[in-house]
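Q: So that you have it, the file is start_4.cif, and it contains mmCIF, C-alpha atoms:
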```
data_model
#
loop_
_atom_site.label_atom_id
_atom_site.label_comp_id
_atom_site.auth_asym_id
_atom_site.auth_seq_id
_atom_site.Cartn_x
_atom_site.Cartn_y
_atom_site.Cartn_z
CA MET A 1 58.27 77.49 102.63
CA GLY A 2 59.28 78.16 106.22
CA SER A 3 62.31 80.15 105.12
CA GLN A 4 60.14 82.21 102.73
CA GLN A 5 57.67 82.98 105.51
CA ASN A 6 60.50 83.96 107.82
CA ALA A 7 61.93 86.29 105.17
CA LEU A 8 58.50 87.76 104.60
CA HIS A 9 58.06 88.36 108.34
CA GLN A 10 61.44 90.08 108.48
CA LEU A 11 60.54 92.28 105.52
CA VAL A 12 57.20 93.28 107.09
CA SER A 13 58.91 94.00 110.42
CA PHE A 14 61.50 96.15 108.65
CA ILE A 15 58.84 98.16 106.79
CA LEU A 16 56.79 98.69 109.95
CA GLY A 17 59.85 99.73 111.92
CA ALA A 18 60.99 102.17 109.25
CA SER A 19 57.50 103.64 109.00
CA ALA A 20 57.29 104.13 112.75
CA ALA A 21 60.68 105.84 112.78
CA ALA A 22 59.63 108.15 109.94
CA VAL A 23 56.43 109.07 111.75
CA LEU A 24 58.40 109.80 114.93
CA ILE A 25 60.90 111.99 113.09
CA PHE A 26 58.10 113.91 111.35
CA PHE A 27 56.30 114.43 114.66
CA LEU A 28 59.41 115.71 116.39
CA THR A 29 60.21 118.03 113.49
CA SER A 30 56.74 119.52 113.12
CA ALA A 31 55.62 119.61 116.72
CA SER A 32 58.77 120.35 118.71
CA SER A 33 59.13 123.82 120.17
CA GLY A 34 61.46 125.57 122.54
CA ALA A 35 60.77 127.64 125.61
CA ARG A 36 63.49 130.06 124.56
CA PHE A 37 63.10 132.92 122.10
CA THR A 38 65.38 131.01 119.73
CA GLY A 39 63.13 127.95 119.68
CA ILE A 40 61.89 128.85 116.21
CA SER A 41 64.71 130.70 114.54
CA SER A 42 67.36 128.11 115.42
CA TRP A 43 65.66 125.51 113.21
CA ALA A 44 67.88 124.40 110.35
CA ASN A 45 67.25 126.39 107.19
CA GLY A 46 66.94 123.26 105.09
CA THR A 47 68.97 121.91 102.21
CA THR A 48 67.10 123.17 99.16
CA GLU A 49 68.10 126.29 97.30
CA PHE A 50 64.79 127.98 98.01
CA ASP A 51 65.10 127.35 101.76
CA ALA A 52 68.61 128.75 101.99
CA PRO A 53 68.97 131.91 104.09
CA ALA A 54 68.24 135.06 102.12
CA GLN A 55 71.77 136.33 102.79
CA GLU A 56 73.75 133.10 102.70
CA GLU A 57 77.38 133.01 101.60
CA SER A 58 78.49 131.49 98.32
CA PRO A 59 80.73 128.35 98.38
CA ALA A 60 83.74 130.61 97.83
CA GLY A 61 82.90 132.60 100.94
CA GLU A 62 81.67 135.64 99.05
CA PRO A 63 78.29 137.18 99.98
CA ALA A 64 75.33 136.03 97.94
CA ALA A 65 74.23 138.25 95.06
CA PRO A 66 72.48 141.39 96.35
CA SER A 67 68.74 141.75 96.06
CA HIS A 68 67.23 144.00 93.41
CA ALA A 69 66.83 146.77 95.98
CA GLU A 70 70.44 146.49 97.11
CA ALA A 71 71.75 146.54 93.53
CA LYS A 72 70.35 150.01 92.93
CA GLY A 73 73.10 151.69 94.93
CA ALA A 74 74.02 152.84 98.40
CA PRO A 75 71.25 152.49 100.99
CA ALA A 76 69.23 155.56 101.94
CA PRO A 77 69.68 157.00 105.46
CA GLU A 78 66.45 155.37 106.66
CA GLN A 79 67.80 152.04 105.37
CA ASP A 80 70.96 152.52 107.45
CA GLU A 81 68.75 153.26 110.46
CA LEU A 82 66.67 150.13 109.85
CA GLU A 83 69.74 147.91 109.65
CA ARG A 84 71.19 149.49 112.80
CA LEU A 85 67.98 148.84 114.72
CA LEU A 86 67.67 145.28 113.44
CA ARG A 87 71.19 144.52 114.64
CA ALA A 88 70.30 146.01 118.03
CA VAL A 89 67.07 144.08 118.61
CA ALA A 90 67.73 140.73 116.93
CA ASP A 91 68.55 137.69 119.02
CA GLU A 92 71.55 135.48 118.30
CA ASP A 93 69.60 133.72 115.54
CA ARG A 94 68.62 137.00 113.84
CA THR A 95 64.97 137.00 114.89
CA VAL A 96 63.11 140.20 115.75
CA ILE A 97 59.64 140.96 117.10
CA MET A 98 57.94 144.01 115.61
CA THR A 99 54.75 146.03 116.00
CA SER A 100 53.44 149.32 114.60
CA VAL A 101 51.70 152.33 116.16
CA ASN A 102 50.24 155.67 115.17
CA GLU A 103 50.04 158.66 117.51
CA ALA A 104 46.68 157.62 119.00
CA TRP A 105 47.84 154.07 119.73
CA ALA A 106 51.17 155.27 121.17
CA ALA A 107 49.64 157.92 123.48
CA GLU A 108 49.96 157.56 127.23
CA ASP A 109 47.62 154.87 128.65
CA SER A 110 46.77 153.74 125.12
CA LEU A 111 47.46 150.48 123.27
CA LEU A 112 51.26 150.65 123.29
CA ASP A 113 51.32 150.94 127.09
CA LEU A 114 48.98 147.95 127.46
CA PHE A 115 51.02 145.96 124.95
CA LEU A 116 54.31 146.59 126.78
CA GLU A 117 52.67 145.88 130.14
CA SER A 118 51.60 142.44 128.91
CA PHE A 119 55.27 141.47 128.51
CA ARG A 120 55.96 142.50 132.11
CA THR A 121 52.98 140.59 133.54
CA GLY A 122 53.18 137.52 131.30
CA GLU A 123 54.73 134.18 132.23
CA ARG A 124 58.50 134.38 131.61
CA ILE A 125 58.22 136.63 128.55
CA SER A 126 59.54 139.99 129.82
CA HIS A 127 62.83 139.47 127.95
CA PHE A 128 60.99 139.55 124.61
CA ALA A 129 60.67 143.34 124.93
CA ASN A 130 64.44 143.53 124.43
CA HIS A 131 63.92 142.10 120.93
CA LEU A 132 60.99 144.38 120.02
CA LEU A 133 61.14 146.93 117.20
CA VAL A 134 58.28 149.46 117.28
CA VAL A 135 57.47 150.91 113.85
CA ALA A 136 56.04 154.43 114.16
CA LEU A 137 53.55 155.56 111.51
CA ASP A 138 53.87 159.28 112.25
CA GLY A 139 56.10 161.73 114.07
CA GLY A 140 53.92 161.85 117.19
CA ALA A 141 54.10 158.07 117.51
CA LEU A 142 57.87 158.14 117.11
CA GLU A 143 58.26 160.77 119.85
CA ARG A 144 56.08 158.86 122.34
CA CYS A 145 57.69 155.54 121.45
CA ARG A 146 61.13 156.90 122.22
CA ALA A 147 59.88 157.97 125.65
CA VAL A 148 58.91 154.41 126.63
CA HIS A 149 60.98 152.05 124.46
CA PRO A 150 64.58 152.07 123.20
CA HIS A 151 64.01 150.68 119.68
CA CYS A 152 61.72 152.81 117.48
CA TYR A 153 61.70 153.23 113.69
CA LEU A 154 59.74 155.74 111.58
CA LEU A 155 58.22 154.03 108.54
CA PRO A 156 59.34 156.16 105.56
CA ALA A 157 56.15 155.41 103.61
CA ALA A 158 54.11 157.11 106.33
CA ALA A 159 55.64 160.53 105.63
CA GLY A 160 53.06 163.10 104.57
CA ARG A 161 50.05 160.92 105.41
CA ASN A 162 47.50 161.66 108.12
CA LEU A 163 47.49 158.42 110.07
CA SER A 164 47.26 159.82 113.58
CA ASP A 165 43.68 158.75 114.31
CA GLU A 166 41.20 155.96 113.58
CA LYS A 167 39.31 157.54 110.70
CA VAL A 168 41.51 156.09 107.99
CA PHE A 169 40.48 152.40 108.04
CA MET A 170 40.18 151.07 104.44
CA SER A 171 40.91 154.54 103.02
CA LYS A 172 43.46 154.78 100.21
CA ASP A 173 46.10 155.97 102.68
CA TYR A 174 45.33 153.02 104.96
CA ILE A 175 45.56 150.49 102.09
CA ASP A 176 48.85 151.99 100.92
CA LEU A 177 50.16 151.91 104.47
CA VAL A 178 49.47 148.24 105.17
CA TRP A 179 51.11 147.30 101.89
CA SER A 180 54.10 149.44 102.87
CA LYS A 181 54.36 147.34 106.04
CA VAL A 182 54.42 144.17 103.91
CA ARG A 183 57.25 145.72 101.88
CA LEU A 184 59.11 146.49 105.11
CA GLN A 185 58.63 142.90 106.26
CA GLN A 186 59.99 141.65 102.93
CA ARG A 187 63.00 143.92 103.29
CA ILE A 188 63.70 142.51 106.74
CA LEU A 189 63.65 139.01 105.27
CA GLU A 190 65.97 140.12 102.44
CA LEU A 191 68.43 141.38 105.04
CA GLY A 192 68.53 137.89 106.54
CA TYR A 193 66.35 138.44 109.62
CA ASN A 194 63.35 136.39 110.71
CA PHE A 195 60.47 138.37 112.16
CA LEU A 196 57.34 137.98 114.24
CA PHE A 197 54.97 140.85 113.55
CA THR A 198 52.30 141.45 116.19
CA ASP A 199 49.56 144.08 116.09
CA VAL A 200 49.76 146.43 119.05
CA ASP A 201 46.22 145.47 120.13
CA ILE A 202 47.44 141.97 121.01
CA LEU A 203 48.23 141.11 124.62
CA TRP A 204 50.97 138.52 125.24
CA PHE A 205 50.51 136.12 128.17
CA ARG A 206 52.87 133.25 127.38
CA ASN A 207 55.66 132.46 124.90
CA PRO A 208 53.90 132.13 121.52
CA PHE A 209 56.91 130.48 119.91
CA GLU A 210 55.99 127.37 121.90
CA ARG A 211 52.90 126.96 119.70
CA MET A 212 54.76 127.33 116.39
CA SER A 213 56.07 124.45 114.32
CA VAL A 214 59.76 124.59 113.49
CA ALA A 215 58.87 123.12 110.08
CA ALA A 216 56.81 126.13 108.96
CA HIS A 217 58.11 128.82 106.62
CA MET A 218 55.34 131.17 107.73
CA VAL A 219 53.05 131.14 110.76
CA THR A 220 49.88 133.21 111.06
CA SER A 221 47.15 133.60 113.62
CA SER A 222 43.62 132.66 112.59
CA ASP A 223 40.37 134.55 112.58
CA PHE A 224 38.73 131.12 112.36
CA PHE A 225 40.54 127.81 112.88
CA PHE A 226 39.08 124.51 111.66
CA GLY A 227 41.39 121.95 113.26
CA ASP A 228 44.21 121.29 110.79
CA PRO A 229 47.07 123.77 111.33
CA TYR A 230 48.32 123.35 107.75
CA SER A 231 44.97 123.54 105.97
CA PRO A 232 44.43 126.65 103.80
CA MET A 233 40.76 126.38 104.74
CA ASN A 234 41.66 128.28 107.93
CA LEU A 235 41.16 132.05 107.74
CA PRO A 236 44.43 133.94 108.38
CA ASN A 237 44.87 137.03 110.49
CA THR A 238 48.14 138.70 109.55
CA GLY A 239 48.07 140.82 112.68
CA PHE A 240 50.21 138.05 114.14
CA LEU A 241 52.64 136.80 111.51
CA TYR A 242 55.97 134.98 111.69
CA ALA A 243 58.23 134.47 108.67
CA LYS A 244 61.61 132.77 108.46
CA SER A 245 64.20 134.39 106.22
CA SER A 246 64.86 132.31 103.13
CA ARG A 247 64.70 132.67 99.37
CA ARG A 248 61.40 130.85 99.44
CA THR A 249 59.75 133.27 101.85
CA VAL A 250 61.17 136.33 100.07
CA GLY A 251 59.69 134.95 96.84
CA ALA A 252 56.37 134.40 98.59
CA PHE A 253 56.32 138.01 99.82
CA GLU A 254 57.13 139.24 96.31
CA ALA A 255 54.20 137.20 94.95
CA TRP A 256 51.95 138.48 97.74
CA ARG A 257 52.73 142.11 96.93
CA ALA A 258 52.40 141.51 93.18
CA ALA A 259 48.94 139.99 93.72
CA ARG A 260 47.69 143.34 95.01
CA GLU A 261 47.03 144.46 91.43
CA SER A 262 44.71 141.49 90.90
CA PHE A 263 42.59 142.45 93.93
CA PRO A 264 42.28 146.25 93.86
CA GLY A 265 41.02 147.91 97.02
CA LYS A 266 41.82 144.92 99.24
CA HIS A 267 44.26 145.04 102.13
CA GLU A 268 47.10 142.61 102.63
CA GLN A 269 45.23 140.06 104.76
CA GLN A 270 42.41 139.77 102.23
CA VAL A 271 44.88 139.23 99.39
CA LEU A 272 46.84 136.60 101.35
CA ASN A 273 43.59 134.75 101.89
CA GLU A 274 42.99 134.81 98.13
CA ILE A 275 46.42 133.43 97.18
CA LYS A 276 47.25 131.14 100.12
CA VAL A 277 46.37 127.96 98.17
CA GLU A 278 48.64 129.00 95.31
CA LEU A 279 51.51 129.79 97.68
CA VAL A 280 51.21 126.34 99.23
CA SER A 281 50.64 124.33 96.03
CA THR A 282 52.97 126.05 93.55
CA ARG A 283 55.66 127.57 95.77
CA GLY A 284 55.86 124.84 98.40
CA LEU A 285 55.31 127.35 101.20
CA ARG A 286 54.47 125.69 104.51
CA ILE A 287 51.99 127.98 106.27
CA GLN A 288 50.95 127.10 109.81
CA PHE A 289 47.67 128.52 111.11
CA LEU A 290 47.61 128.95 114.88
CA ASP A 291 44.81 127.42 116.95
CA THR A 292 42.49 130.04 118.46
CA GLU A 293 42.47 128.01 121.68
CA HIS A 294 45.97 129.37 122.31
CA ASN A 295 46.35 132.42 120.06
CA ALA A 296 42.90 133.84 120.46
CA GLY A 297 40.96 136.88 119.38
CA PHE A 298 37.72 138.58 120.27
CA CYS A 299 36.33 136.90 117.13
CA ASN A 300 37.02 133.39 118.38
CA ASN A 301 38.34 132.17 121.77
CA THR A 302 37.75 129.48 124.40
CA ARG A 303 37.74 131.77 127.45
CA ASP A 304 40.37 129.89 129.42
CA PHE A 305 43.47 131.53 130.88
CA ASN A 306 45.01 128.07 131.32
CA THR A 307 45.44 127.69 127.54
CA LEU A 308 45.81 131.33 126.47
CA TYR A 309 49.05 132.60 124.92
CA THR A 310 47.94 135.78 123.13
CA MET A 311 44.68 137.71 122.76
CA HIS A 312 43.90 139.96 119.79
CA ALA A 313 41.26 142.69 119.98
CA ASN A 314 39.93 141.86 116.52
CA CYS A 315 36.23 142.08 115.64
CA CYS A 316 36.27 145.29 117.67
CA VAL A 317 35.79 148.79 116.25
CA GLY A 318 36.99 151.84 118.13
CA LEU A 319 40.06 152.59 120.21
CA GLY A 320 38.00 153.14 123.36
CA ALA A 321 36.34 149.73 123.06
CA LYS A 322 39.68 147.98 122.56
CA LEU A 323 41.24 149.76 125.54
CA HIS A 324 38.26 148.92 127.77
CA ASP A 325 38.22 145.21 127.02
CA LEU A 326 41.99 144.66 126.85
CA GLY A 327 42.48 146.63 130.07
CA ASN A 328 39.90 144.48 131.87
CA LEU A 329 41.47 141.32 130.48
CA LEU A 330 44.91 142.35 131.69
CA ARG A 331 43.57 143.05 135.20
CA GLU A 332 41.93 139.62 135.30
CA TRP A 333 45.17 138.05 134.08
CA ARG A 334 46.99 139.56 137.04
CA ALA A 335 44.41 137.98 139.34
CA TYR A 336 44.93 134.67 137.55
CA ARG A 337 48.70 134.91 138.07
CA SER A 338 48.11 135.28 141.82
CA MET A 339 46.25 131.93 141.99
CA ASP A 340 48.04 128.82 143.18
CA GLU A 341 48.42 125.78 140.91
CA GLY A 342 45.57 123.98 142.68
CA GLU A 343 43.10 126.71 141.84
CA ARG A 344 44.23 126.81 138.21
CA SER A 345 44.12 123.04 137.74
CA ARG A 346 40.50 122.61 138.85
CA GLY A 347 39.26 123.57 135.41
CA PRO A 348 38.95 126.44 132.95
CA VAL A 349 39.73 129.81 134.48
CA ARG A 350 37.45 132.20 132.65
CA TRP A 351 37.42 135.97 132.39
CA LYS A 352 34.28 138.02 132.90
CA VAL A 353 32.08 138.72 129.87
CA PRO A 354 30.55 140.40 128.11
CA GLY A 355 32.73 143.40 127.50
CA ILE A 356 32.13 145.98 124.83
CA CYS A 357 33.50 143.62 122.16
CA ILE A 358 34.72 140.44 123.84
CA HIS A 359 32.12 137.74 124.56
#
```
What does the file become when written as structure tokens?

A:
Amino acid sequence: MGSQQNALHQLVSFILGASAAAVLIFFLTSASSGARFTGISSWANGTTEFDAPAQEESPAGEPAAPSHAEAKGAPAPEQDELERLLRAVADEDRTVIMTSVNEAWAAEDSLLDLFLESFRTGERISHFANHLLVVALDGGALERCRAVHPHCYLLPAAAGRNLSDEKVFMSKDYIDLVWSKVRLQQRILELGYNFLFTDVDILWFRNPFERMSVAAHMVTSSDFFFGDPYSPMNLPNTGFLYAKSSRRTVGAFEAWRAARESFPGKHEQQVLNEIKVELVSTRGLRIQFLDTEHNAGFCNNTRDFNTLYTMHANCCVGLGAKLHDLGNLLREWRAYRSMDEGERSRGPVRWKVPGICIH
């Protein structure tokens, strides 16, 4: 009997020890993050076929079979330009940051200037601007972008459309445009690059990659966050969207674009919200929703500079209103940066409200 009890104790100890080790490994995998730009993209691509890089090599050393778009023939000139720019802006792990602007947003003292200024005034994030691709939605935006930033790309789908002002929201041209951006994002994944797309009305204060799980295939900000970063109950905001290049994510983007026909008149964020459960349950896509305590928006934030990484001017209509509130927030951030650690550590450091939109 004593020997049986001893064996039982050893078995229980083994099971408990193995369980604890598994929990530790899972925690380190899902919660670890790096302070460098490569903290996300350097994560191993996984061992399954669907998680293999979108442009992996075959066992014989030959390139993987080309995508459907590549198989059609030689790339168009704008495709050559895209690939050239991606090579120029990507980090060593093939990750790029991207945003998009029209002429009004790119104008002097408008959103693009505020956006770029946030990199310069943020905490150790100025180098991210070197990895930023600005997608211009019209010729005026392209001209202004080239005056202030070295890496600018004219979205071919924008040709012939009047997208230079704010009067196009939810128009047919607007809906077509946002879906064209999803197609561009898919193409970037097909070319083997990871991307972090950020709306230009988002200010960066700290390194957002520190808040992203290395285990996620896709990471999105949240209009409303309910506590569990992997729960599809959270409401996504695709104005801040990371995707890791793999066959799985390319397939997810294909399904996302195909779902547009099932939800006519809806833009890409609305459709993603409709199909997010299916992407998780049937395609095995791991989507992380960012906590609004850190990646905040005018819709939902905790008003504390100590925890703030990015701020999105969502729930805010009108370019003038966005510029007013984001400009004030950036000025208060500079004052926050001038505080010593003692002042910061005494509690939440709040910005002044209300603004026109932010509360």

Q: Please write the residues picked by the PyMOL selection byres ((chain A and resi 177-192) around 8) on this file as a list in words.

A: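 Against this file, the PyMOL selection byres ((chain A and resi 177-192) around 8) returns the residues Pro53, Ala54, Gln55, Ser67, Arg94, Ala157, Ala158, Asp173, Tyr174, Ile175, Asp176, Tyr193, Asn194, Phe195, Ala243, Lys244, Ser245, Ser246, Thr249, Val250, Phe253, Glu254, Arg257, His267 and Glu268 of chain A.
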
Q: Distance CA of Phe225 in chain A-CA of Asp291 in chain A, one decimal place?

A: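 These atoms are spaced 5.9 Å apart.
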
Q: Which residues match the PyMOL selection byres ((chain A and resi 270-286) around 8) in the file above, as a list in words?

A: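 Selected by the PyMOL selection byres ((chain A and resi 270-286) around 8) here: Ala215, Ala216, His217, Met218, Tyr230, Pro232, Leu235, Pro236, Arg248, Thr249, Ala252, Trp256, Ala259, Arg260, Phe263, Lys266, His267, Glu268, Gln269, Ile287 and Gln288 of chain A.
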
Q: Can you list, as a PyMOL selection string, the residues that the PyMOL selection byres ((chain A and resi 320-337) around 9) selects here?

A: chain A and resi 109-111+114+117-118+121-123+201-203+205+305+311-314+316-319+338-340+344+349+351-352+355-358

Q: Rank nothing, just name the residue among A:Leu290, A:Leu155, A:Ala104, A:Ala147 nearest to Ser213 in chain A, using all atoms listed in the file.

A: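 Answer, going by the shortest atom-to-atom distance: A:Leu290.
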
Q: Around all the atoms of range 236-239 of chain A listed in the file, with 3 Å of room on each side, what axis-aligned box do you get, giving centre and edge lengths in Å to one decimal, as JSON?

A:
```
{"center_x": 46.3, "center_y": 137.4, "center_z": 110.5, "size_x": 9.7, "size_y": 12.9, "size_z": 10.3}
```

Q: What's the separation between CA of Arg144 in chain A and CA of Ala296 in chain A, in Å to one decimal place?

A: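 So the answer is 28.3 Å.
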
Q: Smallest atom-to-atom distance to Pro150 in chain A: which of A:Ala106, A:Ala129, A:Ala255, A:Cys299, using only C-alpha atoms?

A: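 Nearest candidate to Pro150 in chain A out of A:Ala106, A:Ala129, A:Ala255, A:Cys299: A:Ala129.
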
Q: Which value, in Å to one decimal, gives the distance between CA of Asn102 in chain A and CA of Gly140 in chain A?

A: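 Taking CA of Asn102 in chain A and CA of Gly140 in chain A, their separation equals 7.5 Å.
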
Q: Looking at all atoms listed in the file, which of A:Val134, A:Met212, A:Ala258, A:Ala88 is the one that sits closest to Tyr242 in chain A?

A: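 Closest to Tyr242 in chain A, using all atoms listed in the file: A:Met212.
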
Q: Could you rebuild range 80-90 of chain A with all heavy atoms and give it back as an mmCIF file, in the coordinates of the input?

A:
```
data_model
loop_
_atom_site.group_PDB
_atom_site.id
_atom_site.type_symbol
_atom_site.label_atom_id
_atom_site.label_comp_id
_atom_site.auth_asym_id
_atom_site.auth_seq_id
_atom_site.Cartn_x
_atom_site.Cartn_y
_atom_site.Cartn_z
ATOM 1 N N ASP A 80 69.887 152.667 106.458
ATOM 2 C CA ASP A 80 70.960 152.520 107.450
ATOM 3 C C ASP A 80 70.376 152.426 108.856
ATOM 4 O O ASP A 80 70.833 151.625 109.675
ATOM 5 C CB ASP A 80 71.920 153.717 107.373
ATOM 6 C CG ASP A 80 72.803 153.668 106.136
ATOM 7 O OD1 ASP A 80 73.016 152.571 105.611
ATOM 8 O OD2 ASP A 80 73.267 154.737 105.712
ATOM 9 N N GLU A 81 69.372 153.265 109.136
ATOM 10 C CA GLU A 81 68.750 153.260 110.460
ATOM 11 C C GLU A 81 68.037 151.938 110.713
ATOM 12 O O GLU A 81 68.106 151.381 111.815
ATOM 13 C CB GLU A 81 67.762 154.431 110.561
ATOM 14 C CG GLU A 81 66.952 154.483 111.844
ATOM 15 C CD GLU A 81 67.778 154.836 113.071
ATOM 16 O OE1 GLU A 81 69.004 155.054 112.930
ATOM 17 O OE2 GLU A 81 67.202 154.914 114.168
ATOM 18 N N LEU A 82 67.353 151.419 109.696
ATOM 19 C CA LEU A 82 66.670 150.130 109.850
ATOM 20 C C LEU A 82 67.679 149.035 110.171
ATOM 21 O O LEU A 82 67.466 148.234 111.098
ATOM 22 C CB LEU A 82 65.896 149.794 108.575
ATOM 23 C CG LEU A 82 65.238 148.408 108.545
ATOM 24 C CD1 LEU A 82 64.189 148.273 109.640
ATOM 25 C CD2 LEU A 82 64.612 148.130 107.174
ATOM 26 N N GLU A 83 68.758 148.970 109.417
ATOM 27 C CA GLU A 83 69.740 147.910 109.650
ATOM 28 C C GLU A 83 70.383 148.050 111.028
ATOM 29 O O GLU A 83 70.648 147.046 111.696
ATOM 30 C CB GLU A 83 70.791 147.932 108.544
ATOM 31 C CG GLU A 83 70.225 147.563 107.166
ATOM 32 C CD GLU A 83 71.307 147.387 106.115
ATOM 33 O OE1 GLU A 83 72.380 146.834 106.457
ATOM 34 O OE2 GLU A 83 71.095 147.798 104.968
ATOM 35 N N ARG A 84 70.625 149.274 111.460
ATOM 36 C CA ARG A 84 71.190 149.490 112.800
ATOM 37 C C ARG A 84 70.245 148.963 113.871
ATOM 38 O O ARG A 84 70.659 148.273 114.821
ATOM 39 C CB ARG A 84 71.469 150.970 113.023
ATOM 40 C CG ARG A 84 72.094 151.283 114.376
ATOM 41 C CD ARG A 84 72.143 152.767 114.663
ATOM 42 N NE ARG A 84 70.807 153.321 114.888
ATOM 43 C CZ ARG A 84 70.130 153.216 116.034
ATOM 44 N NH1 ARG A 84 70.643 152.542 117.064
ATOM 45 N NH2 ARG A 84 68.943 153.759 116.156
ATOM 46 N N LEU A 85 68.951 149.276 113.725
ATOM 47 C CA LEU A 85 67.980 148.840 114.720
ATOM 48 C C LEU A 85 67.797 147.323 114.700
ATOM 49 O O LEU A 85 67.647 146.698 115.758
ATOM 50 C CB LEU A 85 66.637 149.541 114.467
ATOM 51 C CG LEU A 85 66.595 151.015 114.873
ATOM 52 C CD1 LEU A 85 65.364 151.702 114.285
ATOM 53 C CD2 LEU A 85 66.602 151.157 116.393
ATOM 54 N N LEU A 86 67.808 146.741 113.519
ATOM 55 C CA LEU A 86 67.670 145.280 113.440
ATOM 56 C C LEU A 86 68.832 144.590 114.145
ATOM 57 O O LEU A 86 68.647 143.596 114.855
ATOM 58 C CB LEU A 86 67.581 144.827 111.979
ATOM 59 C CG LEU A 86 66.305 145.206 111.236
ATOM 60 C CD1 LEU A 86 66.420 144.830 109.757
ATOM 61 C CD2 LEU A 86 65.076 144.533 111.852
ATOM 62 N N ARG A 87 70.027 145.099 113.949
ATOM 63 C CA ARG A 87 71.190 144.520 114.640
ATOM 64 C C ARG A 87 71.041 144.659 116.161
ATOM 65 O O ARG A 87 71.437 143.780 116.924
ATOM 66 C CB ARG A 87 72.481 145.196 114.178
ATOM 67 C CG ARG A 87 72.922 144.819 112.784
ATOM 68 C CD ARG A 87 74.350 145.284 112.519
ATOM 69 N NE ARG A 87 74.479 146.731 112.574
ATOM 70 C CZ ARG A 87 74.339 147.533 111.519
ATOM 71 N NH1 ARG A 87 74.054 147.007 110.331
ATOM 72 N NH2 ARG A 87 74.485 148.839 111.653
ATOM 73 N N ALA A 88 70.431 145.767 116.593
ATOM 74 C CA ALA A 88 70.300 146.010 118.030
ATOM 75 C C ALA A 88 69.257 145.117 118.683
ATOM 76 O O ALA A 88 69.426 144.693 119.831
ATOM 77 C CB ALA A 88 69.945 147.484 118.268
ATOM 78 N N VAL A 89 68.165 144.818 117.974
ATOM 79 C CA VAL A 89 67.070 144.080 118.610
ATOM 80 C C VAL A 89 67.095 142.579 118.336
ATOM 81 O O VAL A 89 66.476 141.804 119.077
ATOM 82 C CB VAL A 89 65.690 144.647 118.182
ATOM 83 C CG1 VAL A 89 65.578 146.110 118.529
ATOM 84 C CG2 VAL A 89 65.416 144.410 116.704
ATOM 85 N N ALA A 90 67.777 142.149 117.290
ATOM 86 C CA ALA A 90 67.730 140.730 116.930
ATOM 87 C C ALA A 90 68.407 139.864 117.980
ATOM 88 O O ALA A 90 69.362 140.280 118.640
ATOM 89 C CB ALA A 90 68.415 140.518 115.574
#
```
